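Okay, protein.cif now, which holds mmCIF, C-alpha atoms:
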```
data_input
loop_
_atom_site.label_atom_id
_atom_site.label_comp_id
_atom_site.auth_asym_id
_atom_site.auth_seq_id
_atom_site.Cartn_x
_atom_site.Cartn_y
_atom_site.Cartn_z
CA MET A 259 86.91 105.23 103.06
CA SER A 260 86.07 108.35 105.02
CA GLU A 261 89.53 109.91 104.84
CA ALA A 262 91.75 109.23 101.86
CA PRO A 263 95.31 108.41 102.83
CA GLN A 264 97.36 111.48 102.09
CA GLU A 265 100.31 111.18 99.80
CA THR A 266 103.33 112.18 101.82
CA LYS A 267 106.69 113.28 100.52
CA ARG A 268 109.35 110.71 101.13
CA SER A 269 113.06 110.97 100.75
CA LEU A 270 114.86 109.24 97.92
CA PHE A 271 116.24 106.61 100.28
CA TRP A 272 112.82 105.55 101.55
CA ARG A 273 111.40 105.50 98.04
CA TRP A 274 114.12 103.16 96.86
CA TYR A 275 113.87 101.10 100.04
CA GLY A 276 110.12 100.68 99.41
CA ARG A 277 110.75 99.65 95.82
CA PHE A 278 113.44 97.22 96.93
CA VAL A 279 111.18 95.53 99.48
CA ASP A 280 108.32 95.44 96.96
CA THR A 281 110.56 93.74 94.41
CA LEU A 282 111.87 91.34 97.03
CA SER A 283 108.38 90.31 98.12
CA ALA A 284 107.24 89.99 94.50
CA VAL A 285 110.16 87.62 93.86
CA GLY A 286 109.35 85.72 97.05
CA LEU A 287 105.71 85.40 96.06
CA MET A 288 106.63 84.21 92.57
CA LEU A 289 109.03 81.64 94.03
CA THR A 290 106.39 80.42 96.47
CA ILE A 291 103.74 79.96 93.79
CA ALA A 292 106.15 78.51 91.23
CA THR A 293 107.49 76.02 93.78
CA ALA A 294 103.98 74.98 94.80
CA ILE A 295 103.01 74.34 91.18
CA TYR A 296 106.33 72.55 90.58
CA CYS A 297 105.62 70.30 93.59
CA LEU A 298 102.20 69.45 92.21
CA GLU A 299 103.82 68.67 88.87
CA ILE A 300 106.36 66.33 90.50
CA ARG A 301 103.57 64.63 92.41
CA ALA A 302 101.77 64.13 89.10
CA HIS A 303 104.63 61.81 88.09
CA TYR A 304 103.70 59.45 90.94
CA GLU A 305 99.97 59.98 90.96
CA ARG A 306 98.45 60.82 87.60
CA SER A 307 95.36 62.54 89.03
CA TYR A 308 97.54 65.31 90.42
CA ALA A 309 97.63 66.76 86.90
CA MET A 310 94.12 67.98 87.68
CA GLY A 311 95.58 69.67 90.77
CA VAL A 312 98.13 71.44 88.57
CA ILE A 313 95.34 72.71 86.34
CA VAL A 314 93.36 73.94 89.36
CA ALA A 315 96.48 75.68 90.68
CA LEU A 316 97.04 77.43 87.35
CA LEU A 317 93.39 78.53 87.28
CA GLY A 318 93.73 79.81 90.83
CA LEU A 319 96.84 81.72 89.84
CA ALA A 320 94.95 83.33 86.95
CA VAL A 321 92.05 84.29 89.23
CA MET A 322 94.47 85.78 91.74
CA LEU A 323 96.20 87.84 89.04
CA ILE A 324 92.82 89.07 87.74
CA ALA A 325 91.76 90.11 91.25
CA TRP A 326 95.11 91.88 91.65
CA ALA A 327 94.67 93.74 88.36
CA GLN A 328 91.12 94.69 89.30
CA GLN A 329 92.38 96.24 92.54
CA VAL A 330 95.14 98.13 90.75
CA ILE A 331 92.71 99.48 88.13
CA ALA A 332 90.16 100.50 90.76
CA ALA A 333 92.81 102.37 92.76
CA ARG A 334 94.05 104.14 89.64
CA ASP A 335 90.52 105.13 88.58
CA LEU A 336 89.79 106.51 92.02
CA ALA A 337 93.05 108.47 92.03
CA SER A 338 92.43 110.02 88.60
CA TRP A 339 88.81 110.87 89.52
CA ARG A 340 89.92 112.57 92.70
CA GLU A 341 92.65 114.45 90.83
CA MET A 342 90.12 115.73 88.30
CA VAL A 343 87.72 116.97 90.97
CA GLU A 344 90.52 118.62 92.93
CA LEU A 345 91.53 120.42 89.73
CA GLN A 346 87.98 121.72 89.33
CA ILE A 347 87.82 122.88 92.94
CA ARG A 348 91.15 124.67 92.58
CA ALA A 349 89.90 126.34 89.40
CA ALA A 350 86.76 127.49 91.20
CA HIS A 351 88.84 128.92 94.06
CA ARG A 352 91.04 130.75 91.58
CA LYS A 353 87.94 132.14 89.91
CA ILE A 354 86.62 133.42 93.24
CA ALA A 355 89.97 134.98 94.06
CA ASN A 356 90.00 136.76 90.69
CA GLU A 357 86.41 137.93 90.99
CA ARG A 358 86.95 139.33 94.45
CA GLN A 359 89.47 141.74 92.98
CA SER A 360 87.17 142.75 90.15
CA SER A 361 83.79 144.42 90.43
CA LEU A 362 81.80 141.21 90.61
CA HIS A 363 82.04 140.41 94.32
CA GLY A 364 78.56 140.47 95.64
CA PRO A 365 77.81 138.14 98.56
CA TYR A 366 75.35 136.33 96.33
CA PHE A 367 77.99 135.01 93.93
CA GLU A 368 80.30 134.06 96.76
CA ALA A 369 77.56 132.11 98.44
CA LEU A 370 76.65 130.50 95.14
CA ILE A 371 80.17 129.36 94.37
CA GLU A 372 80.81 128.16 97.92
CA THR A 373 77.65 126.13 97.66
CA LEU A 374 78.75 124.71 94.33
CA ILE A 375 82.10 123.66 95.81
CA ALA A 376 80.46 122.08 98.83
CA ASP A 377 78.11 120.25 96.52
CA MET A 378 80.98 118.97 94.40
CA ARG A 379 82.82 117.79 97.50
CA SER A 380 79.82 115.86 98.75
CA THR A 381 79.45 114.37 95.28
CA VAL A 382 83.04 113.18 95.43
CA GLU A 383 82.45 111.59 98.81
CA ASP A 384 79.30 109.90 97.55
CA GLY A 385 81.23 108.71 94.51
CA GLU A 386 83.86 107.21 96.75
CA ALA A 387 81.17 105.50 98.79
CA ASP A 388 79.67 104.19 95.55
CA ASP A 389 83.09 102.97 94.46
CA GLU A 390 83.44 101.16 97.75
CA ILE A 391 80.07 99.51 97.24
CA ALA A 392 80.90 98.65 93.64
CA ARG A 393 84.10 96.99 94.76
CA MET B 869 75.25 102.49 106.15
CA THR B 870 78.13 103.48 108.41
CA LYS B 871 81.44 104.70 107.08
CA LEU B 872 84.69 102.84 107.47
CA PRO B 873 87.16 104.17 110.00
CA ALA B 874 89.98 106.18 108.43
CA ASN B 875 92.65 103.62 109.29
CA GLN B 876 91.00 100.75 107.42
CA LEU B 877 90.63 99.79 103.77
CA GLY B 878 87.66 97.49 104.11
CA GLU B 879 87.00 94.03 102.76
CA THR B 880 86.22 93.51 99.10
CA ARG B 881 85.56 90.43 97.03
CA ALA B 882 88.80 90.79 95.03
CA ARG B 883 90.89 91.18 98.19
CA PHE B 884 89.24 88.17 99.82
CA LEU B 885 89.79 86.04 96.72
CA ALA B 886 93.41 87.06 96.15
CA HIS B 887 94.47 86.47 99.76
CA TRP B 888 92.54 83.21 99.94
CA ILE B 889 94.27 81.82 96.85
CA ALA B 890 97.70 83.03 97.99
CA SER B 891 97.14 81.27 101.31
CA CYS B 892 96.13 78.09 99.47
CA PHE B 893 99.45 78.19 97.60
CA GLY B 894 101.32 78.52 100.88
CA PHE B 895 99.41 75.57 102.33
CA VAL B 896 100.08 73.34 99.31
CA LEU B 897 103.73 74.34 99.30
CA ASN B 898 104.19 73.25 102.91
CA ARG B 899 102.50 69.93 102.25
CA LEU B 900 104.45 69.06 99.09
CA LEU B 901 107.86 70.63 99.70
CA PRO B 902 109.48 67.26 100.61
CA LEU B 903 108.92 66.24 96.98
CA VAL B 904 111.27 68.93 95.74
CA LEU B 905 113.96 68.05 98.25
CA GLU B 906 113.84 64.33 97.42
CA TRP B 907 113.44 64.58 93.65
CA PRO B 908 114.08 62.45 91.63
CA ALA B 909 114.19 59.70 94.28
CA PRO B 910 110.69 59.24 95.66
CA PRO B 911 110.34 59.70 99.43
CA VAL B 912 109.89 56.16 100.71
CA HIS B 913 107.66 56.47 103.74
CA ALA B 914 106.00 59.73 102.95
CA VAL B 915 102.25 59.55 102.50
CA PHE B 916 100.60 62.22 100.42
CA PRO B 917 96.88 62.95 100.31
CA ARG B 918 94.83 62.70 97.16
CA TRP B 919 94.81 65.92 95.20
CA TRP B 920 91.21 66.82 95.95
CA VAL B 921 91.72 66.16 99.67
CA LEU B 922 94.74 68.46 99.59
CA LEU B 923 92.80 71.11 97.70
CA TRP B 924 89.83 71.00 100.07
CA ALA B 925 92.09 71.10 103.13
CA ALA B 926 93.96 74.09 101.67
CA GLY B 927 90.72 75.88 100.80
CA LEU B 928 89.12 75.31 104.20
CA ALA B 929 92.22 76.24 106.20
CA SER B 930 92.82 79.29 104.04
CA ILE B 931 89.40 80.68 104.91
CA ILE B 932 90.98 81.60 108.27
CA THR B 933 93.68 83.58 106.45
CA ALA B 934 91.16 85.21 104.13
CA VAL B 935 88.94 86.29 107.01
CA PHE B 936 91.84 87.98 108.76
CA ASN B 937 93.60 89.37 105.68
CA ALA B 938 90.69 90.37 103.45
CA ASN B 939 91.06 94.05 104.33
CA LEU B 940 94.70 94.21 103.23
CA PRO B 941 95.50 95.72 99.83
CA VAL B 942 96.38 93.29 97.05
CA THR B 943 100.11 93.85 96.67
CA ALA B 944 103.04 91.46 96.53
CA ARG B 945 103.95 92.28 100.13
CA GLU B 946 100.52 91.52 101.51
CA LEU B 947 100.09 88.40 99.38
CA MET B 948 103.44 87.16 100.75
CA LYS B 949 102.00 87.50 104.25
CA SER B 950 98.91 85.55 103.24
CA ALA B 951 101.02 82.79 101.69
CA ALA B 952 103.16 82.66 104.81
CA MET B 953 100.04 82.39 106.96
CA GLY B 954 98.77 79.47 104.86
CA PHE B 955 102.18 77.82 105.24
CA ALA B 956 102.06 78.36 108.99
CA ILE B 957 98.52 77.01 109.35
CA CYS B 958 99.56 73.87 107.50
CA ALA B 959 102.58 73.48 109.79
CA VAL B 960 100.37 73.85 112.87
CA LEU B 961 97.90 71.29 111.55
CA GLN B 962 100.76 68.87 110.85
CA ILE B 963 102.16 69.33 114.35
CA LEU B 964 98.72 68.65 115.76
CA GLY B 965 98.52 65.58 113.51
CA LEU B 966 95.35 66.72 111.78
CA THR B 967 96.55 66.36 108.18
#
```

With the file now loaded, output its structure as structure tokens.
Amino acid sequence: MSEAPQETKRSLFWRWYGRFVDTLSAVGLMLTIATAIYCLEIRAHYERSYAMGVIVALLGLAVMLIAWAQQVIAARDLASWREMVELQIRAAHRKIANERQSSLHGPYFEALIETLIADMRSTVEDGEADDEIAR
Amino acid sequence: MTKLPANQLGETRARFLAHWIASCFGFVLNRLLPLVLEWPAPPVHAVFPRWWVLLWAAGLASIITAVFNANLPVTARELMKSAAMGFAICAVLQILGLT
């Protein structure tokens, strides 16, 4: 992920539309999976061995939900990590802005802090790359 | 190691797995849906595969879906698309008389 997707402001209508479609597709997905398992269950009435198929389907459903949760957790972790680093960078910028007004504004400190910020940014990018590898 | 382009999410194991399983559900649904419509009277001439044959067919056919969809995020919307693709692959195979 070289460039994180930026969070854009959306109007209330589009936010609710997105939620509506998300809910609709979640219901559709649940119906699809529930019907498939129900079909397997009906088939098990005719052919006893299909009970094993039902069990496999339930296991598959569990695995799918775990993978889903893993993705959600990873995305949330990445978001909170990025938020934290952005907070630190903003704090550093504020510090520089304050120090420029005061007596402590030698080019040495500016260079030092700029370097620190650049270093932190590259660390974030490396962390993202590591996250990608870890996932 | 080269970086991903900005407009892509990249494949991960969890994404591959989730879309693969969703596609399997779509495949199985297409194959067994007549059972729901005919219940409780058994469909007379319908022939159904053994459960392991059905499972293997779904798994193999769904690899196509997983390969194409593994870089989609794991959300209900995207999983719906995977399930629909599994359903469609099963329909194509039935039309071709392969299942």

*Using all atoms listed in the file, which residues sit within 10 Å of stretch 315-331 of chain A once same-chain residues fewer than 3 positions away are excluded, as JSON, numbers by chain?*
{"A": [291, 292, 294, 295, 298, 309, 310, 311, 312, 334, 335, 336, 337, 393], "B": [880, 881, 882, 883, 884, 885, 886, 887, 888, 889, 890, 892, 893, 896, 923, 941, 942, 943, 944, 947]}

*Have a look at A:Val314, A:Glu368, A:Glu383, A:Asp280 and name the one nearest to B:Gly927; count only C-alpha atoms.*
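Checking each candidate against B:Gly927, we get A:Val314 as the closest.
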
*Between atom CA of B:Val935 and atom CA of B:Glu879, distance in Å (one decimal)*: 9.0 Å

*asked:* I'd like to know which of B:Glu906, B:Gly894, B:Asn937, B:Val960 is closest to A:Gly286, using all atoms listed in the file.
replied: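 With all atoms listed in the file as the atom set, the closest residue is B:Gly894.
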
_Please determine, counting all atoms listed in the file, which residue among A:Asp384, A:Glu305, A:Asp377, A:Glu372 has the shortest atom-to-atom distance to A:Ile354._
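Once distances to A:Ile354 are computed over all atoms listed in the file, the minimum belongs to A:Glu372.
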
*Hey, which of A:Arg379, A:Arg348, A:Arg306, A:Lys353 ends up closest to chain B? Count only C-alpha atoms.*
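The answer is A:Arg306, which sits nearest to chain B.
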
_For atom CA of A:Ala332 and atom CA of A:Gly276, the interatomic separation in Å (one decimal)_ =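 Computed distance, atom CA of A:Ala332 to atom CA of A:Gly276, equals 21.8 Å.
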
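Nearest residue to chain A, choosing from B:Leu922, B:Phe916, B:Met948, B:Leu905 and counting all atoms listed in the file: B:Met948.
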
*When you draw a straight line from atom CA of B:Ala934 to atom CA of A:Tyr296, how long is it in Å?*
24.0 Å

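In this comparison, which uses all atoms listed in the file, the residue of A:Thr293, A:Leu287, A:Ala333, A:Tyr275 approaching B:Ala951 most closely is A:Leu287.
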
*Any chance you could work out the residue set of the PyMOL selection byres ((chain B and resi 899) around 9) here, as a list in words?*
Gly894, Phe895, Val896, Leu897, Asn898, Leu900, Leu901, Pro902, Phe916, Leu922, Phe955, Cys958, Ala959 and Gln962 of chain B

Could you write stretch 872-887 of chain B as a PDB file, in the coordinates of the input, with N, CA and C atoms rebuilt where they are missing?
```
ATOM      1  N   LEU B 872      83.524 103.541 106.939  1.00  0.00           N
ATOM      2  CA  LEU B 872      84.690 102.840 107.470  1.00  0.00           C
ATOM      3  C   LEU B 872      85.531 103.800 108.283  1.00  0.00           C
ATOM      4  N   PRO B 873      86.189 103.307 109.328  1.00  0.00           N
ATOM      5  CA  PRO B 873      87.160 104.170 110.000  1.00  0.00           C
ATOM      6  C   PRO B 873      88.325 104.520 109.074  1.00  0.00           C
ATOM      7  N   ALA B 874      88.962 105.672 109.360  1.00  0.00           N
ATOM      8  CA  ALA B 874      89.980 106.180 108.430  1.00  0.00           C
ATOM      9  C   ALA B 874      91.178 105.258 108.314  1.00  0.00           C
ATOM     10  N   ASN B 875      91.431 104.444 109.335  1.00  0.00           N
ATOM     11  CA  ASN B 875      92.650 103.620 109.290  1.00  0.00           C
ATOM     12  C   ASN B 875      92.403 102.241 108.700  1.00  0.00           C
ATOM     13  N   GLN B 876      91.264 102.059 107.994  1.00  0.00           N
ATOM     14  CA  GLN B 876      91.000 100.750 107.420  1.00  0.00           C
ATOM     15  C   GLN B 876      90.631 100.862 105.954  1.00  0.00           C
ATOM     16  N   LEU B 877      90.942  99.807 105.198  1.00  0.00           N
ATOM     17  CA  LEU B 877      90.630  99.790 103.770  1.00  0.00           C
ATOM     18  C   LEU B 877      89.302  99.121 103.486  1.00  0.00           C
ATOM     19  N   GLY B 878      88.905  98.196 104.341  1.00  0.00           N
ATOM     20  CA  GLY B 878      87.660  97.490 104.110  1.00  0.00           C
ATOM     21  C   GLY B 878      87.844  96.235 103.289  1.00  0.00           C
ATOM     22  N   GLU B 879      86.940  95.286 103.511  1.00  0.00           N
ATOM     23  CA  GLU B 879      87.000  94.030 102.760  1.00  0.00           C
ATOM     24  C   GLU B 879      86.301  94.202 101.417  1.00  0.00           C
ATOM     25  N   THR B 880      86.897  93.590 100.390  1.00  0.00           N
ATOM     26  CA  THR B 880      86.220  93.510  99.100  1.00  0.00           C
ATOM     27  C   THR B 880      86.374  92.093  98.574  1.00  0.00           C
ATOM     28  N   ARG B 881      85.551  91.792  97.565  1.00  0.00           N
ATOM     29  CA  ARG B 881      85.560  90.430  97.030  1.00  0.00           C
ATOM     30  C   ARG B 881      86.938  90.094  96.437  1.00  0.00           C
ATOM     31  N   ALA B 882      87.513  91.052  95.676  1.00  0.00           N
ATOM     32  CA  ALA B 882      88.800  90.790  95.030  1.00  0.00           C
ATOM     33  C   ALA B 882      89.887  90.547  96.069  1.00  0.00           C
ATOM     34  N   ARG B 883      89.873  91.370  97.131  1.00  0.00           N
ATOM     35  CA  ARG B 883      90.890  91.180  98.190  1.00  0.00           C
ATOM     36  C   ARG B 883      90.734  89.819  98.839  1.00  0.00           C
ATOM     37  N   PHE B 884      89.492  89.465  99.181  1.00  0.00           N
ATOM     38  CA  PHE B 884      89.240  88.170  99.820  1.00  0.00           C
ATOM     39  C   PHE B 884      89.772  87.043  98.944  1.00  0.00           C
ATOM     40  N   LEU B 885      89.419  87.102  97.655  1.00  0.00           N
ATOM     41  CA  LEU B 885      89.790  86.040  96.720  1.00  0.00           C
ATOM     42  C   LEU B 885      91.312  85.937  96.586  1.00  0.00           C
ATOM     43  N   ALA B 886      91.968  87.080  96.384  1.00  0.00           N
ATOM     44  CA  ALA B 886      93.410  87.060  96.150  1.00  0.00           C
ATOM     45  C   ALA B 886      94.144  86.502  97.367  1.00  0.00           C
ATOM     46  N   HIS B 887      93.757  86.939  98.571  1.00  0.00           N
ATOM     47  CA  HIS B 887      94.470  86.470  99.760  1.00  0.00           C
ATOM     48  C   HIS B 887      94.149  85.009 100.051  1.00  0.00           C
TER      49      HIS B 887
END
```
